[in-house]
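Coordinates from data24.txt are shown below (compact mmCIF, C-alpha atoms).
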# COMPACT_ATOMS: atom_id res chain seq x y z
CA MET R 28 10.60 -51.81 25.05
CA ALA R 29 13.05 -51.88 27.85
CA GLY R 30 13.65 -55.01 29.90
CA THR R 31 11.98 -55.97 33.17
CA ARG R 32 13.26 -54.27 36.29
CA LYS R 33 12.07 -54.64 39.85
CA ARG R 34 11.55 -51.49 41.90
CA SER R 35 10.37 -50.71 45.39
CA ARG R 36 8.96 -47.47 46.72
CA MET R 37 6.46 -46.31 49.31
CA TRP R 38 3.14 -44.52 48.80
CA ASN R 39 3.57 -40.83 49.46
CA SER R 40 1.21 -38.66 51.46
CA SER R 41 -0.37 -37.22 48.30
CA SER R 42 -1.97 -40.55 47.31
CA THR R 43 -4.96 -40.09 49.61
CA SER R 44 -5.82 -36.64 48.29
CA LYS R 45 -5.40 -37.82 44.71
CA LYS R 46 -7.75 -40.72 45.36
CA SER R 47 -10.32 -38.31 46.75
CA LYS R 48 -10.07 -36.22 43.59
CA ARG R 49 -10.64 -39.32 41.49
CA LYS R 50 -13.73 -40.23 43.48
CA SER R 51 -15.03 -36.72 42.91
CA ALA R 52 -14.49 -37.28 39.20
CA SER R 53 -16.45 -40.52 39.47
CA THR R 54 -19.47 -38.72 40.84
CA ALA R 55 -19.17 -36.30 37.92
CA GLY R 56 -19.91 -39.16 35.53
CA SER R 57 -16.63 -40.81 34.61
CA GLY R 58 -18.49 -44.14 34.57
CA ILE R 59 -15.86 -46.49 36.02
CA ASN R 60 -15.71 -48.68 39.08
CA GLU R 61 -12.43 -47.87 40.82
CA GLU R 62 -12.42 -51.14 42.74
CA LEU R 63 -12.53 -53.06 39.46
CA ALA R 64 -9.71 -50.92 38.05
CA GLU R 65 -7.65 -51.54 41.19
CA LYS R 66 -8.21 -55.31 40.96
CA LEU R 67 -7.12 -55.18 37.33
CA PHE R 68 -3.93 -53.39 38.32
CA GLU R 69 -3.26 -55.80 41.19
CA ASP R 70 -3.10 -58.60 38.64
CA LEU R 71 -0.42 -56.69 36.72
CA ALA R 72 1.65 -55.34 39.63
CA ASP R 73 5.16 -56.48 40.50
CA GLU R 74 5.31 -59.15 43.17
CA ASP R 75 7.73 -57.15 45.34
CA ASP R 76 6.06 -53.77 44.80
CA PRO R 77 2.26 -53.71 44.41
CA THR R 78 2.32 -50.00 43.51
CA VAL R 79 4.14 -50.57 40.21
CA ALA R 80 3.53 -52.62 37.07
CA GLY R 81 6.82 -53.19 35.29
CA MET R 82 7.44 -54.87 31.97
CA ASP R 83 6.22 -58.26 33.19
CA GLY R 84 2.87 -56.70 34.10
CA ILE R 85 2.69 -54.73 30.87
CA VAL R 86 3.36 -57.90 28.87
CA LYS R 87 0.62 -59.63 30.87
CA LEU R 88 -1.82 -56.85 29.94
CA CYS R 89 -0.78 -57.19 26.29
CA GLU R 90 -1.52 -60.92 26.40
CA LYS R 91 -4.99 -60.23 27.78
CA LEU R 92 -5.56 -57.74 24.94
CA ASP R 93 -3.96 -59.97 22.29
CA LEU R 94 -1.32 -57.35 21.51
CA ASP R 95 2.32 -58.00 20.57
CA PRO R 96 4.31 -56.00 23.20
CA LEU R 97 7.32 -55.73 20.90
CA GLU R 98 5.69 -54.93 17.57
CA ASP R 99 2.27 -53.33 18.15
CA ILE R 100 2.45 -49.53 18.37
CA ARG R 101 -0.89 -49.51 20.20
CA VAL R 102 0.87 -50.77 23.33
CA LEU R 103 2.88 -47.54 23.53
CA VAL R 104 -0.15 -45.41 22.65
CA LEU R 105 -2.12 -47.04 25.47
CA LEU R 106 0.64 -46.45 28.02
CA TRP R 107 0.94 -42.85 26.85
CA LYS R 108 -2.79 -42.29 27.14
CA LEU R 109 -2.87 -43.90 30.58
CA GLY R 110 -0.24 -41.39 31.69
CA SER R 111 2.87 -43.49 32.27
CA LYS R 112 5.67 -40.98 32.82
CA GLU R 113 7.07 -41.23 36.34
CA LYS R 114 9.76 -43.77 35.39
CA PRO R 115 10.72 -45.62 32.20
CA ALA R 116 9.40 -49.09 31.41
CA GLN R 117 6.65 -49.11 34.02
CA ILE R 118 3.35 -47.61 35.05
CA SER R 119 2.51 -46.79 38.66
CA LYS R 120 -0.77 -47.64 40.32
CA GLU R 121 -1.57 -43.93 40.63
CA GLU R 122 -0.96 -43.38 36.91
CA PHE R 123 -2.95 -46.49 35.95
CA ILE R 124 -6.02 -45.64 38.00
CA SER R 125 -5.99 -42.00 36.91
CA GLY R 126 -5.64 -43.18 33.32
CA CYS R 127 -8.60 -45.51 33.73
CA TYR R 128 -10.74 -42.55 34.80
CA LYS R 129 -9.51 -40.54 31.85
CA LEU R 130 -10.20 -43.33 29.35
CA HIS R 131 -13.36 -44.62 31.08
CA VAL R 132 -12.11 -48.20 31.41
CA ASP R 133 -12.17 -50.61 34.34
CA SER R 134 -12.13 -54.04 32.68
CA ILE R 135 -10.36 -56.00 29.96
CA ASP R 136 -13.50 -55.82 27.82
CA LYS R 137 -13.46 -52.02 27.99
CA PHE R 138 -9.74 -51.94 27.21
CA GLN R 139 -10.38 -54.16 24.17
CA ALA R 140 -13.14 -51.83 23.00
CA LEU R 141 -10.62 -48.99 23.23
CA LEU R 142 -8.08 -50.64 20.90
CA PRO R 143 -9.36 -49.24 17.57
CA SER R 144 -8.95 -45.70 18.89
CA LEU R 145 -5.26 -46.30 19.67
CA ASP R 146 -4.20 -46.03 16.03
CA THR R 147 -1.65 -43.20 15.75
CA GLY R 148 -3.53 -41.94 12.70
CA PHE R 149 -6.05 -40.41 15.11
CA LEU R 150 -3.36 -38.18 16.66
CA ASP R 151 -2.94 -34.65 15.34
CA GLN R 152 0.56 -33.24 14.85
CA LEU R 153 0.92 -31.79 18.36
CA GLU R 154 -0.41 -34.96 20.00
CA PHE R 155 1.89 -37.10 17.92
CA LYS R 156 4.94 -35.02 18.85
CA ASP R 157 4.14 -35.54 22.53
CA PHE R 158 3.62 -39.27 21.95
CA TYR R 159 6.86 -39.47 19.94
CA LYS R 160 8.78 -37.93 22.85
CA PHE R 161 7.10 -40.36 25.25
CA CYS R 162 8.32 -43.32 23.16
CA PHE R 163 11.91 -42.27 23.77
CA GLN R 164 11.43 -41.60 27.48
CA PHE R 165 9.54 -44.83 28.16
CA ASN R 166 12.25 -46.96 26.56
CA ARG R 167 15.15 -45.51 28.53
CA GLN R 168 16.92 -47.95 30.83
CA GLY R 169 17.66 -47.09 34.45
CA THR R 170 19.34 -43.71 34.76
CA HIS R 171 20.47 -43.59 31.13
CA ARG R 172 19.39 -40.39 29.38
CA THR R 173 20.12 -41.81 25.92
CA LEU R 174 18.97 -44.80 23.87
CA ASP R 175 21.08 -47.44 22.19
CA LYS R 176 21.23 -46.84 18.44
CA GLU R 177 19.76 -50.27 17.62
CA MET R 178 16.79 -49.52 19.87
CA VAL R 179 16.33 -46.14 18.18
CA VAL R 180 16.26 -47.66 14.70
CA ALA R 181 13.68 -50.25 15.76
CA LEU R 182 11.53 -47.58 17.43
CA LEU R 183 11.72 -45.22 14.48
CA LYS R 184 10.50 -47.92 12.12
CA MET R 185 7.58 -48.72 14.40
CA VAL R 186 6.60 -45.21 15.53
CA LEU R 187 7.10 -43.18 12.34
CA LYS R 188 5.70 -45.66 9.83
CA GLY R 189 2.96 -43.84 7.97
CA ARG R 190 3.74 -40.47 9.63
CA ILE R 191 6.65 -39.43 7.42
CA PRO R 192 7.64 -40.43 3.87
CA LEU R 193 8.95 -44.00 3.82
CA GLU R 194 12.01 -42.96 1.82
CA ARG R 195 13.00 -40.46 4.54
CA LEU R 196 12.44 -43.02 7.29
CA ASP R 197 14.39 -45.78 5.57
CA SER R 198 17.28 -43.52 4.57
CA PHE R 199 17.65 -42.08 8.07
CA CYS R 200 17.65 -45.54 9.62
CA SER R 201 20.25 -46.68 7.08
CA PHE R 202 22.33 -43.59 7.88
CA LEU R 203 22.26 -44.36 11.62
CA GLU R 204 23.22 -47.97 11.03
CA THR R 205 26.31 -46.95 9.05
CA GLN R 206 27.57 -44.31 11.50
CA GLU R 207 30.13 -45.81 13.87
CA SER R 208 30.49 -42.49 15.70
CA TYR R 209 26.92 -42.74 16.98
CA THR R 210 26.27 -45.58 19.38
CA ARG R 211 23.63 -43.82 21.49
CA ILE R 212 21.05 -41.16 20.61
CA THR R 213 19.92 -38.26 22.79
CA LEU R 214 16.37 -37.02 23.29
CA ASP R 215 17.25 -33.80 21.44
CA GLN R 216 18.47 -35.77 18.43
CA TRP R 217 15.37 -37.97 18.57
CA THR R 218 12.87 -35.11 18.67
CA SER R 219 14.83 -33.01 16.18
CA PHE R 220 14.51 -35.64 13.49
CA LEU R 221 10.71 -35.48 13.58
CA ASP R 222 10.74 -31.67 13.55
CA PHE R 223 13.20 -31.78 10.66
CA CYS R 224 10.87 -34.06 8.69
CA TYR R 225 8.01 -31.62 9.21
CA GLU R 226 10.04 -28.53 8.31
CA CYS R 227 12.34 -29.75 5.56
CA GLU R 228 10.59 -31.85 2.96
CA ASP R 229 13.13 -31.02 0.22
CA LEU R 230 16.72 -31.81 1.23
CA SER R 231 18.08 -29.88 -1.75
CA LYS R 232 16.96 -26.66 -0.03
CA TYR R 233 18.80 -27.47 3.20
CA ASP R 234 21.45 -24.87 4.09
CA GLU R 235 23.92 -26.18 6.63
CA SER R 236 25.51 -22.74 7.07
CA THR R 237 22.31 -21.38 8.59
CA SER R 238 21.19 -24.61 10.18
CA ALA R 239 20.26 -24.74 13.85
CA TRP R 240 19.71 -28.49 13.78
CA PRO R 241 21.90 -30.93 15.73
CA VAL R 242 25.06 -32.07 13.96
CA LEU R 243 23.42 -35.44 13.45
CA ILE R 244 20.95 -33.85 11.03
CA ASP R 245 23.73 -32.03 9.14
CA GLU R 246 25.56 -35.31 8.74
CA TYR R 247 22.39 -37.05 7.57
CA VAL R 248 21.90 -34.45 4.82
CA GLU R 249 25.55 -34.85 3.78
CA TYR R 250 25.07 -38.61 3.72
CA MET R 251 22.04 -38.24 1.44
CA ALA R 252 23.93 -35.91 -0.90
CA LYS R 253 26.67 -38.51 -1.29
CA GLN R 254 24.06 -41.21 -1.91
CA GLN R 255 22.61 -39.09 -4.73
CA GLU R 256 26.06 -38.85 -6.34
CA LYS R 257 26.42 -42.61 -6.60
Output the file's structure as structure tokens, nothing else.
Amino acid sequence: MAGTRKRSRMWNSSSTSKKSKRKSASTAGSGINEELAEKLFEDLADEDDPTVAGMDGIVKLCEKLDLDPLEDIRVLVLLWKLGSKEKPAQISKEEFISGCYKLHVDSIDKFQALLPSLDTGFLDQLEFKDFYKFCFQFNRQGTHRTLDKEMVVALLKMVLKGRIPLERLDSFCSFLETQESYTRITLDQWTSFLDFCYECEDLSKYDESTSAWPVLIDEYVEYMAKQQEK
């Protein structure tokens, strides 16, 4: 995941109305204590901006849950389910509290009880595609719209393990590592690879002349054809 960054911003006028909506949800039976959830977030928040938990706070949460923040896919699933999306590599207080209502958690014990359900095997294809896109967006750095190739390879191995054939995953990662022309990967290239895996199981049937895939995919298929000739 991306490195720690400190940010500062002010609460906007919508926070009060959003909090009221959450309290309405609480009376409808969400079963959480918002004050407990807020105290939990306060322990994770950045020192210079109590409305944001950056990577330091996320790592702190991982330590409480006994999760490896660099290797355990459940960390990303949890952040996705909580609703982290405003900015990369962080979760805002508003997102965290809303996510706690959604997941019915307000303590470390409840978060720990949630861990078994964070296995990506429980996600259907549409859910996984949304999660897969989130993984790219969350790991962006600053204003960059692309990811470093080394980061992409590491993420692919963690996120797609068990979701696509291992041979396809390994060969695509090897292809990326050998391509000097690609140093950064776009979101379109990232999402297209997963779609390609779903739609084209047999590379021998791939027709580049009618392909609408990004050039990266065309070049991957060419790479695989050359590997077969060796």
Identify which of the residues R:Ile212, R:Leu103, R:Val86, R:Leu187 lies closest to Leu142 in chain R, counting all atoms listed in the file when measuring atom-to-atom distances.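 The shortest atom-to-atom distance to Leu142 in chain R comes from R:Leu103.
Rounded to one decimal, CA of Ser238 in chain R and CA of Phe223 in chain R lie 10.7 Å from each other.
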Which of R:Val79, R:Leu153, R:Ile135, R:Val186 sits closest to Val104 in chain R [using all atoms listed in the file]: R:Val186
Looking at R:Ala239, R:Lys91, R:Met178, R:Met251, which one is nearest to Arg195 in chain R, with distances taken over all atoms listed in the file?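 Of R:Ala239, R:Lys91, R:Met178, R:Met251, the one nearest Arg195 in chain R is R:Met251, counting all atoms listed in the file.
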Listed atoms of range 195-200 of chain R boxed axis-aligned with 3 Å per side, centre + edges as AutoDock Vina command-line options:
--center_x 15.0 --center_y -43.1 --center_z 7.1 --size_x 11.2 --size_y 11.3 --size_z 11.1
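CA of Asn166 in chain R is positioned 12.5 Å from CA of Pro96 in chain R.
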Find the residue from R:Leu145, R:Ala181, R:Cys224, R:Leu150 that sits nearest to Leu94 in chain R; use only C-alpha atoms when measuring. R:Leu145
